[in-house]
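Listing of start.txt; format and content: compact mmCIF, C-alpha atoms and all ligand atoms.
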# COMPACT_ATOMS: atom_id res chain seq x y z
CA MET Q 1 138.89 83.78 -34.81
CA LYS Q 2 139.17 81.75 -31.60
CA ILE Q 3 141.87 79.12 -31.51
CA LEU Q 4 142.00 76.61 -28.67
CA HIS Q 5 145.54 75.34 -28.11
CA THR Q 6 146.37 72.21 -26.13
CA ALA Q 7 149.14 69.58 -26.29
CA ASP Q 8 150.91 66.70 -24.56
CA TRP Q 9 147.84 64.65 -23.67
CA HIS Q 10 150.05 61.54 -23.34
CA LEU Q 11 146.98 59.32 -23.31
CA GLY Q 12 147.71 55.93 -21.81
CA LYS Q 13 150.40 57.30 -19.53
CA ARG Q 14 150.50 55.90 -16.01
CA LEU Q 15 152.30 57.03 -12.89
CA ASP Q 16 154.04 53.86 -11.73
CA ASP Q 17 151.17 51.59 -10.65
CA PHE Q 18 148.58 54.32 -10.82
CA SER Q 19 146.34 54.59 -13.87
CA ARG Q 20 145.57 58.15 -14.95
CA LEU Q 21 142.75 57.14 -17.30
CA GLU Q 22 139.91 58.50 -15.17
CA GLU Q 23 141.71 61.82 -14.80
CA GLN Q 24 142.44 61.91 -18.52
CA GLN Q 25 138.76 61.33 -19.24
CA ALA Q 26 137.76 64.07 -16.81
CA VAL Q 27 140.22 66.65 -18.07
CA LEU Q 28 139.47 65.98 -21.76
CA GLN Q 29 135.81 66.40 -20.99
CA GLU Q 30 136.74 69.70 -19.36
CA ILE Q 31 138.57 70.74 -22.55
CA CYS Q 32 135.50 69.85 -24.63
CA GLU Q 33 133.32 71.96 -22.34
CA ILE Q 34 135.74 74.89 -22.65
CA ALA Q 35 135.71 74.63 -26.46
CA GLU Q 36 131.92 74.68 -26.40
CA ARG Q 37 131.56 77.44 -23.81
CA GLU Q 38 134.09 79.68 -25.54
CA ALA Q 39 132.77 78.81 -29.00
CA ALA Q 40 136.26 78.02 -30.26
CA ASP Q 41 136.52 78.00 -34.06
CA VAL Q 42 139.35 75.50 -34.24
CA VAL Q 43 141.28 73.21 -31.89
CA LEU Q 44 145.02 72.52 -32.12
CA VAL Q 45 146.59 69.53 -30.41
CA ALA Q 46 150.34 70.11 -30.66
CA GLY Q 47 151.72 66.58 -30.34
CA ASP Q 48 152.33 63.78 -27.86
CA LEU Q 49 148.73 62.74 -28.30
CA PHE Q 50 149.57 59.31 -26.92
CA ASP Q 51 152.31 58.28 -24.54
CA THR Q 52 153.61 55.36 -26.60
CA PHE Q 53 153.72 54.10 -30.18
CA ASN Q 54 151.26 51.37 -29.21
CA PRO Q 55 148.78 52.96 -26.80
CA PRO Q 56 146.26 50.80 -24.91
CA THR Q 57 142.77 50.41 -26.39
CA GLU Q 58 141.09 52.58 -23.77
CA ALA Q 59 143.48 55.45 -24.56
CA VAL Q 60 142.75 55.17 -28.30
CA ASP Q 61 139.04 55.04 -27.55
CA LEU Q 62 139.21 58.16 -25.38
CA PHE Q 63 141.27 59.98 -28.02
CA TYR Q 64 138.85 59.45 -30.92
CA ARG Q 65 135.74 60.09 -28.84
CA THR Q 66 137.23 63.37 -27.57
CA LEU Q 67 138.26 64.60 -31.03
CA LYS Q 68 134.85 63.67 -32.43
CA ARG Q 69 133.10 65.66 -29.72
CA LEU Q 70 135.44 68.62 -30.24
CA THR Q 71 134.55 68.83 -33.93
CA ASP Q 72 130.91 69.62 -33.15
CA GLY Q 73 129.60 67.65 -36.11
CA GLY Q 74 132.29 68.83 -38.51
CA ARG Q 75 131.88 72.54 -37.79
CA ARG Q 76 134.96 72.97 -35.59
CA PRO Q 77 138.10 71.51 -37.17
CA VAL Q 78 140.65 69.75 -34.99
CA VAL Q 79 144.26 69.74 -36.16
CA ALA Q 80 146.43 67.18 -34.35
CA ILE Q 81 150.13 66.65 -35.05
CA ALA Q 82 152.54 63.94 -33.92
CA GLY Q 83 154.98 64.48 -31.07
CA ASN Q 84 158.08 62.48 -30.21
CA HIS Q 85 155.96 59.96 -28.30
CA ASP Q 86 153.65 59.32 -31.26
CA SER Q 87 153.99 56.91 -34.14
CA PRO Q 88 153.54 59.19 -37.19
CA ASP Q 89 152.03 56.37 -39.24
CA ARG Q 90 149.57 55.43 -36.53
CA ILE Q 91 148.52 59.06 -36.13
CA GLU Q 92 147.79 59.38 -39.84
CA ALA Q 93 146.19 55.94 -40.31
CA PRO Q 94 142.54 56.96 -39.74
CA ASP Q 95 142.97 60.11 -41.83
CA PRO Q 96 140.36 59.48 -44.58
CA LEU Q 97 137.71 58.68 -41.99
CA ALA Q 98 138.84 61.47 -39.67
CA ARG Q 99 138.61 64.08 -42.45
CA GLU Q 100 134.93 63.21 -42.86
CA CYS Q 101 134.50 64.42 -39.28
CA GLY Q 102 136.67 67.52 -39.63
CA ILE Q 103 139.72 66.04 -37.92
CA ILE Q 104 143.07 66.61 -39.59
CA PHE Q 105 146.08 64.49 -38.63
CA ALA Q 106 149.68 65.28 -39.54
CA GLY Q 107 152.34 62.74 -38.66
CA TYR Q 108 155.29 64.09 -40.67
CA PRO Q 109 156.76 67.51 -41.46
CA GLN Q 110 156.16 66.75 -45.15
CA THR Q 111 152.57 65.54 -44.69
CA LEU Q 112 150.30 66.80 -47.45
CA ILE Q 113 146.65 67.20 -46.48
CA PRO Q 114 144.36 66.48 -49.45
CA PRO Q 115 141.86 69.31 -50.09
CA PHE Q 116 138.29 68.47 -49.05
CA SER Q 117 135.08 70.09 -47.99
CA LEU Q 118 132.26 69.02 -45.70
CA ASP Q 119 128.53 69.79 -45.73
CA SER Q 120 129.10 71.76 -42.52
CA GLY Q 121 130.91 74.42 -44.58
CA LEU Q 122 134.38 73.40 -43.41
CA SER Q 123 136.93 73.10 -46.19
CA VAL Q 124 140.64 72.81 -46.88
CA LEU Q 125 141.28 75.65 -49.33
CA GLN Q 126 144.97 75.12 -50.02
CA SER Q 127 147.51 72.56 -49.06
CA ASP Q 128 151.26 72.06 -49.32
CA GLU Q 129 153.84 69.97 -47.51
CA GLY Q 130 153.60 71.19 -43.91
CA PHE Q 131 150.90 73.73 -44.73
CA LEU Q 132 147.14 73.99 -44.98
CA ALA Q 133 144.58 76.76 -45.32
CA LEU Q 134 141.15 76.18 -43.79
CA ARG Q 135 137.81 77.84 -44.15
CA MET Q 136 135.52 77.43 -41.19
CA PRO Q 137 131.73 77.65 -41.31
CA GLY Q 138 130.38 81.12 -40.69
CA THR Q 139 133.48 83.11 -41.64
CA GLU Q 140 135.09 84.26 -44.83
CA VAL Q 141 138.46 84.67 -43.12
CA PRO Q 142 140.80 81.80 -43.97
CA LEU Q 143 143.05 80.22 -41.37
CA ARG Q 144 146.57 79.42 -42.60
CA ILE Q 145 148.45 76.82 -40.58
CA LEU Q 146 152.15 76.05 -40.89
CA PHE Q 147 152.61 72.70 -39.18
CA THR Q 148 155.79 70.86 -38.21
CA PRO Q 149 155.17 67.63 -36.33
CA TYR Q 150 158.10 66.17 -34.42
CA ALA Q 151 160.82 64.53 -36.46
CA ASN Q 152 164.30 63.64 -35.33
CA GLU Q 153 167.12 65.68 -36.78
CA TYR Q 154 167.98 63.10 -39.41
CA ARG Q 155 164.42 62.77 -40.71
CA LEU Q 156 163.92 66.52 -40.61
CA LYS Q 157 167.05 67.10 -42.65
CA MET Q 158 166.08 64.38 -45.13
CA PHE Q 159 162.71 66.04 -45.57
CA LEU Q 160 164.35 69.39 -46.11
CA GLY Q 161 166.61 67.77 -48.70
CA LEU Q 162 169.79 68.29 -46.70
CA GLY Q 163 171.07 64.73 -46.25
CA ASP Q 164 173.90 64.78 -43.73
CA SER Q 165 174.49 68.49 -44.12
CA GLU Q 166 176.08 70.27 -41.19
CA GLU Q 167 173.84 73.22 -41.72
CA GLU Q 168 171.98 74.45 -38.66
CA LEU Q 169 168.53 73.00 -38.37
CA SER Q 170 167.22 76.33 -37.20
CA THR Q 171 168.40 78.02 -40.38
CA VAL Q 172 166.88 75.50 -42.74
CA LEU Q 173 163.58 75.26 -40.89
CA GLN Q 174 163.40 79.03 -40.85
CA GLU Q 175 163.90 79.11 -44.62
CA ARG Q 176 161.23 76.46 -45.08
CA TRP Q 177 158.73 78.30 -42.89
CA GLN Q 178 159.53 81.62 -44.51
CA LYS Q 179 158.96 80.19 -47.99
CA LEU Q 180 155.54 78.84 -47.00
CA ALA Q 181 154.63 82.06 -45.20
CA ASP Q 182 155.64 84.20 -48.19
CA ARG Q 183 153.61 82.02 -50.54
CA TYR Q 184 150.42 81.65 -48.49
CA CYS Q 185 150.25 84.05 -45.53
CA ASP Q 186 149.06 87.55 -46.38
CA ARG Q 187 147.09 89.98 -44.24
CA ASP Q 188 143.70 88.76 -45.47
CA GLY Q 189 143.76 85.71 -43.25
CA VAL Q 190 144.84 84.50 -39.84
CA ASN Q 191 148.31 82.94 -39.87
CA ILE Q 192 149.63 80.52 -37.25
CA LEU Q 193 152.36 77.94 -36.69
CA VAL Q 194 151.87 74.68 -34.79
CA SER Q 195 154.81 72.45 -33.90
CA HIS Q 196 156.21 69.89 -31.49
CA LEU Q 197 159.75 71.09 -30.94
CA PHE Q 198 162.12 72.40 -28.35
CA MET Q 199 162.11 76.13 -28.89
CA ILE Q 200 163.57 78.97 -26.85
CA GLN Q 201 164.14 82.65 -27.19
CA LYS Q 202 167.71 83.27 -28.29
CA GLY Q 203 169.90 84.07 -25.31
CA GLU Q 204 167.51 82.47 -22.81
CA ALA Q 205 168.55 79.56 -20.60
CA PHE Q 206 167.20 76.11 -21.47
CA PRO Q 207 164.10 75.38 -19.43
CA GLU Q 208 163.96 72.14 -17.47
CA GLU Q 209 162.45 69.29 -19.48
CA PRO Q 210 160.54 66.42 -17.91
CA GLU Q 211 162.88 63.44 -17.50
CA GLU Q 212 161.20 61.35 -20.19
CA GLU Q 213 161.31 64.25 -22.68
CA LYS Q 214 165.09 64.53 -22.53
CA PRO Q 215 165.82 62.55 -25.72
CA ILE Q 216 164.36 65.34 -27.86
CA LEU Q 217 167.19 67.61 -26.77
CA HIS Q 218 169.13 66.62 -29.84
CA VAL Q 219 166.68 68.77 -31.74
CA GLY Q 220 167.04 71.50 -29.19
CA GLY Q 221 170.38 71.34 -27.43
CA ALA Q 222 173.09 71.56 -30.00
CA GLN Q 223 170.48 72.37 -32.60
CA ALA Q 224 168.30 74.85 -30.80
CA LEU Q 225 165.32 76.36 -32.52
CA TYR Q 226 164.76 79.98 -31.73
CA THR Q 227 161.66 82.09 -31.75
CA GLU Q 228 163.46 84.42 -34.16
CA ASN Q 229 163.21 81.60 -36.73
CA ILE Q 230 159.44 82.16 -36.91
CA PRO Q 231 158.30 84.18 -39.96
CA ALA Q 232 156.99 87.68 -39.32
CA GLN Q 233 153.62 86.82 -40.90
CA ILE Q 234 152.85 84.35 -38.11
CA GLN Q 235 150.47 85.80 -35.52
CA TYR Q 236 150.53 82.98 -33.01
CA THR Q 237 152.78 79.95 -32.45
CA ALA Q 238 151.25 76.91 -30.69
CA LEU Q 239 153.92 74.59 -29.31
CA GLY Q 240 153.87 71.18 -27.71
CA HIS Q 241 156.55 69.22 -25.84
CA LEU Q 242 157.31 71.04 -22.59
CA HIS Q 243 154.75 70.20 -19.93
CA ARG Q 244 154.73 73.55 -18.18
CA MET Q 245 152.50 76.16 -19.76
CA HIS Q 246 154.56 79.23 -20.58
CA ARG Q 247 155.06 82.01 -23.03
CA VAL Q 248 158.36 81.54 -24.81
CA ASP Q 249 158.32 84.91 -26.46
CA THR Q 250 156.04 87.84 -27.12
CA SER Q 251 157.36 89.29 -30.30
CA PRO Q 252 159.94 87.08 -31.98
CA SER Q 253 160.33 88.68 -35.40
CA PRO Q 254 159.92 92.43 -35.26
CA SER Q 255 157.21 92.88 -37.82
CA PRO Q 256 156.14 96.21 -39.22
CA SER Q 257 152.50 95.19 -38.98
CA LEU Q 258 152.25 93.21 -35.74
CA SER Q 259 153.07 94.65 -32.35
CA THR Q 260 153.23 91.18 -30.81
CA SER Q 261 153.19 87.60 -32.02
CA PRO Q 262 153.05 85.35 -28.98
CA VAL Q 263 154.78 81.97 -28.85
CA PHE Q 264 153.33 79.57 -26.28
CA TYR Q 265 153.70 76.10 -24.87
CA SER Q 266 150.23 75.13 -23.66
CA GLY Q 267 151.73 72.46 -21.41
CA SER Q 268 150.12 69.13 -20.60
CA PRO Q 269 146.57 68.99 -19.17
CA LEU Q 270 147.74 66.77 -16.30
CA SER Q 271 150.90 66.71 -14.21
CA TYR Q 272 152.63 63.60 -15.45
CA SER Q 273 155.74 63.40 -13.27
CA PHE Q 274 156.72 64.66 -9.84
CA ALA Q 275 158.96 67.18 -11.57
CA GLU Q 276 155.61 68.85 -12.43
CA ALA Q 277 154.34 68.71 -8.83
CA GLY Q 278 152.39 71.81 -7.90
CA GLN Q 279 152.06 73.05 -11.49
CA GLN Q 280 148.81 74.67 -12.55
CA LYS Q 281 147.56 73.24 -15.86
CA TYR Q 282 145.91 75.15 -18.70
CA VAL Q 283 144.55 75.32 -22.19
CA LEU Q 284 145.12 78.50 -24.17
CA LEU Q 285 142.61 80.48 -26.15
CA ALA Q 286 144.14 82.75 -28.79
CA GLU Q 287 141.84 85.32 -30.35
CA ILE Q 288 143.13 86.59 -33.66
CA VAL Q 289 141.90 88.84 -36.45
CA PRO Q 290 143.77 89.34 -39.73
CA GLY Q 291 146.69 91.74 -39.58
CA GLU Q 292 146.49 92.32 -35.84
CA ALA Q 293 148.19 91.07 -32.72
CA ALA Q 294 146.76 87.93 -31.11
CA SER Q 295 145.43 88.11 -27.59
CA VAL Q 296 145.91 84.98 -25.52
CA ARG Q 297 143.88 83.82 -22.54
CA GLU Q 298 145.11 81.16 -20.14
CA ILE Q 299 142.23 78.93 -18.99
CA ILE Q 300 142.88 76.83 -15.88
CA LEU Q 301 142.10 73.11 -15.95
CA THR Q 302 140.79 71.82 -12.66
CA ARG Q 303 139.79 68.19 -12.97
CA ALA Q 304 143.08 66.28 -12.75
CA ARG Q 305 144.61 65.30 -9.43
CA LYS Q 306 147.44 67.28 -7.94
CA LEU Q 307 150.87 65.71 -7.75
CA SER Q 308 152.46 66.54 -4.41
CA ARG Q 309 156.01 66.15 -3.25
CA LYS Q 310 156.07 66.14 0.54
CA ARG Q 311 159.08 66.03 2.84
CA ALA Q 312 158.05 65.12 6.38
CA THR Q 313 160.13 64.81 9.51
CA GLY Q 314 159.10 61.54 11.08
CA VAL Q 315 156.17 59.23 10.45
CA ASP Q 316 153.75 61.19 12.62
CA GLU Q 317 154.14 64.37 10.62
CA ALA Q 318 153.77 62.33 7.43
CA LEU Q 319 150.54 60.71 8.67
CA GLN Q 320 149.12 64.07 9.64
CA TRP Q 321 149.93 65.58 6.23
CA LEU Q 322 148.60 62.55 4.36
CA SER Q 323 145.27 62.77 6.15
CA GLU Q 324 144.95 66.39 5.02
CA ASN Q 325 145.94 65.75 1.39
CA ARG Q 326 143.99 62.70 0.41
CA ASP Q 327 143.24 63.80 -3.18
CA ALA Q 328 146.83 64.19 -4.31
CA LEU Q 329 149.15 61.64 -5.86
CA VAL Q 330 152.07 61.68 -3.46
CA GLU Q 331 155.82 61.32 -3.47
CA LEU Q 332 156.71 61.16 0.20
CA THR Q 333 160.15 61.72 1.66
CA ILE Q 334 160.41 60.88 5.34
CA VAL Q 335 163.32 62.18 7.32
CA THR Q 336 163.83 59.52 9.95
CA ASP Q 337 166.69 58.58 12.23
CA THR Q 338 166.21 54.85 11.66
CA PHE Q 339 164.81 52.67 8.90
CA LEU Q 340 161.06 52.58 8.36
CA THR Q 341 159.59 49.47 9.93
CA ALA Q 342 157.11 47.28 8.09
CA ARG Q 343 154.47 48.49 10.53
CA GLU Q 344 155.21 52.13 9.73
CA ARG Q 345 155.06 51.45 6.00
CA LYS Q 346 151.69 49.76 6.54
CA MET Q 347 150.40 52.73 8.55
CA LEU Q 348 151.47 55.09 5.77
CA SER Q 349 149.78 53.19 2.97
CA ALA Q 350 146.65 52.75 5.11
CA ALA Q 351 146.56 56.51 5.65
CA HIS Q 352 146.43 57.45 1.94
CA PRO Q 353 145.13 55.82 -1.24
CA ALA Q 354 147.72 57.18 -3.65
CA ILE Q 355 151.26 57.18 -2.32
CA VAL Q 356 153.32 56.58 -5.42
CA THR Q 357 156.74 56.52 -3.75
CA VAL Q 358 158.10 56.61 -0.21
CA ILE Q 359 161.68 57.77 0.11
CA PRO Q 360 163.18 57.27 3.59
CA GLU Q 361 165.88 59.83 4.21
CA VAL Q 362 167.69 58.07 7.02
CA THR Q 363 169.76 60.00 9.50
CA HIS Q 364 171.37 58.25 12.44
CA VAL Q 365 171.76 59.38 16.02
CA GLU Q 366 175.10 58.34 17.47
CA ILE Q 367 174.33 57.05 20.93
CA ALA Q 368 177.81 57.84 22.17
CA GLY Q 369 178.17 61.16 20.41
CA GLY Q 370 174.87 62.58 21.65
CA SER Q 371 172.46 64.14 19.20
CA GLU Q 372 174.78 64.56 16.26
CA LYS Q 373 173.21 63.10 13.13
CA ARG Q 374 174.94 61.36 10.30
CA ALA Q 375 173.74 59.58 7.19
CA ILE Q 376 174.02 55.80 7.12
CA ASP Q 377 176.44 54.41 4.58
CA LEU Q 378 174.21 51.88 2.83
CA SER Q 379 177.08 50.47 0.82
CA ARG Q 380 178.47 48.67 3.86
CA ASP Q 381 177.79 44.95 4.29
CA MET Q 382 174.62 43.68 5.90
CA GLU Q 383 176.29 42.44 9.09
CA THR Q 384 177.87 45.82 9.81
CA LEU Q 385 174.60 47.59 9.09
CA PHE Q 386 172.76 45.27 11.45
CA ARG Q 387 175.34 45.82 14.23
CA ASP Q 388 174.98 49.53 13.72
CA TYR Q 389 171.20 49.35 13.81
CA PHE Q 390 171.16 47.16 16.91
CA GLN Q 391 173.59 49.46 18.64
CA HIS Q 392 171.34 52.40 17.79
CA VAL Q 393 168.09 50.82 18.95
CA LYS Q 394 169.34 48.95 22.02
CA GLY Q 395 172.30 51.05 22.97
CA GLN Q 396 174.61 48.00 23.14
CA GLU Q 397 176.50 45.59 20.89
CA PRO Q 398 174.59 42.47 19.83
CA ASN Q 399 175.96 39.28 21.50
CA ASN Q 400 177.49 36.42 19.51
CA GLU Q 401 174.38 34.25 19.71
CA LEU Q 402 172.28 36.95 18.12
CA MET Q 403 174.84 37.62 15.40
CA GLN Q 404 174.95 33.91 14.61
CA LEU Q 405 171.16 33.84 14.27
CA PHE Q 406 171.26 36.92 12.09
CA ASN Q 407 173.88 35.39 9.79
CA GLU Q 408 171.86 32.18 9.52
CA MET Q 409 168.79 34.15 8.43
CA LEU Q 410 170.89 36.13 6.00
CA ALA Q 411 172.27 32.92 4.47
CA GLU Q 412 168.79 31.51 4.11
CA GLU Q 413 167.56 34.74 2.49
CA ALA Q 414 170.38 34.59 -0.02
MN MN D 501 157.17 65.60 -26.46
If you convert what's in this file into structure tokens, what do you get?
Amino acid sequence: MKILHTADWHLGKRLDDFSRLEEQQAVLQEICEIAEREAADVVLVAGDLFDTFNPPTEAVDLFYRTLKRLTDGGRRPVVAIAGNHDSPDRIEAPDPLARECGIIFAGYPQTLIPPFSLDSGLSVLQSDEGFLALRMPGTEVPLRILFTPYANEYRLKMFLGLGDSEEELSTVLQERWQKLADRYCDRDGVNILVSHLFMIQKGEAFPEEPEEEKPILHVGGAQALYTENIPAQIQYTALGHLHRMHRVDTSPSPSPSLSTSPVFYSGSPLSYSFAEAGQQKYVLLAEIVPGEAASVREIILTRARKLSRKRATGVDEALQWLSENRDALVELTIVTDTFLTARERKMLSAAHPAIVTVIPEVTHVEIAGGSEKRAIDLSRDMETLFRDYFQHVKGQEPNNELMQLFNEMLAEEA
């Protein structure tokens, strides 16, 4: 059985003033082509489908068209769960219609998928809160999916019937998963877990989260979930949330039957912040047969733009680099001994279509002290800064007439 694992599409997300819609269209088309080329049997989208609770129309449009194409006329089921950026109700709203196409949405950890079957041969064999068993056309092997969409700690504990209990979330989720696995996951089928959570291998350091993903730490920081919480029956764990593709663990629960049971974040299909600059993006293809270890292939995505962080010394070096990297979205730091002039800023933006941010890193050459550099203290008042600047550029103090003029302009500006 071939399982295509992707996550963190964040449809509708922009980078400051720059729309990413065209890139999102291109990279989702790429994912569709991969599913078709590899003849994937099922597609998992592990949360953060949209970037906001109320995504723009064009993002919603792209989302449904992509899922519809992925289903291949109802033959290839798509299972999509909510992440912390998604509205669980919105995700589940089109469910009755989506099921007709072979798309299964889960917004909550306690979501119960009603059993159904399609003419294509796809059917939901069994269903429980946070669990479903699927039969795909052309195979007798059932696919069992434990699913846990994102929920904050409070909602998760309410669902698990814990109220305000102090009990560790990891312990109670483990018990919940184990109960489902013991009830439904034997060696006659393929057994997987899909979730949008912050999970690490016990004893490992916390990986860096993208800035905007920080809030979820309350499910992961004090209340870390560990790969050892995953039941031994599970052959593959498909995670969403962290935007860097990586294997969290190879063999979390030593199982007598499985030599390995990989746990992966697929990562996002596009770099969404400059913290992800230079990252390669992927989808994952897990191939699994009952009772055996999954093998996982990392497939590179190529159609989104690169995010580049460049630190240049001086405007000339920056211009040179920009001309050689025209396809990237750029965060540019310029080390300069004075402020950037309006003309220089103009030259920079004329040299490249997608400079998202320019950060001048101003050093200052003391005329008297020779070539020694020091940073300018920007907290000083405007008049002092101007005197300093004038002194630097002209090598002399501004006269009183000039200072008067400057103060007049400053007053008018205020
Ligand atoms: Mn997330």
Find the spatial neighbours of segment 89-106 of chain Q, counting all atoms listed in the file, within a cut-off of 6 Å - ignore same-chain residues fewer than 4 positions away - and output them as a PDB file with C-alpha atoms, in the coordinates of the input.
ATOM      1  CA  GLY Q  74     132.290  68.830 -38.510  1.00  0.00           C
ATOM      2  CA  PRO Q  77     138.100  71.510 -37.170  1.00  0.00           C
ATOM      3  CA  VAL Q  78     140.650  69.750 -34.990  1.00  0.00           C
ATOM      4  CA  VAL Q  79     144.260  69.740 -36.160  1.00  0.00           C
ATOM      5  CA  ALA Q  80     146.430  67.180 -34.350  1.00  0.00           C
ATOM      6  CA  ILE Q  81     150.130  66.650 -35.050  1.00  0.00           C
ATOM      7  CA  THR Q 111     152.570  65.540 -44.690  1.00  0.00           C
TER       8      THR Q 111
END
Find the smallest box with edges along x, y and z containing every listed atom of segment 65-81 of chain Q, then add 4 Å on each side and report centre and edge lengths in Å to one decimal, as AutoDock Vina command-line options.
--center_x 139.9 --center_y 66.5 --center_z -33.0 --size_x 28.5 --size_y 20.9 --size_z 18.9
Practice task
Considering all atoms listed in the file, return as a list in words whatever protein or nucleic-acid residues lie within 9 Å of Ile113 of chain Q, sequence-local ones (same chain, fewer than 3 positions apart) excluded.
Solution key: Ile104, Phe105, Ala106, Phe116, Val124, Gln126, Ser127, Asp128, Glu129, Gly130, Phe131 and Leu132 of chain Q
Handout entry: Counting all atoms listed in the file, the residue of Q:Lys13, Q:Arg144, Q:Lys68, Q:His196 that sits nearest ligand MN 501 (chain D)
Key = Q:His196
Problem - Nearest to ligand MN 501 (chain D), chosen from Q:Leu242, Q:Leu405, Q:Ala39, Q:Ile288, with only C-alpha atoms and all ligand atoms counted in the distances - result: Q:Leu242
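For ligand MN 501 (chain D), the neighbouring protein, DNA and RNA residues, which are those within 7 Å when all atoms listed in the file are counted, are Asp8, Gly47, Asp48, Gly83, Asn84, His85, His196, Glu213, Gly240, His241 and Leu242 of chain Q.
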Problem - For atom CA of Phe264 of chain Q and atom CA of Tyr236 of chain Q, the interatomic separation in Å (one decimal) - result: 8.0 Å
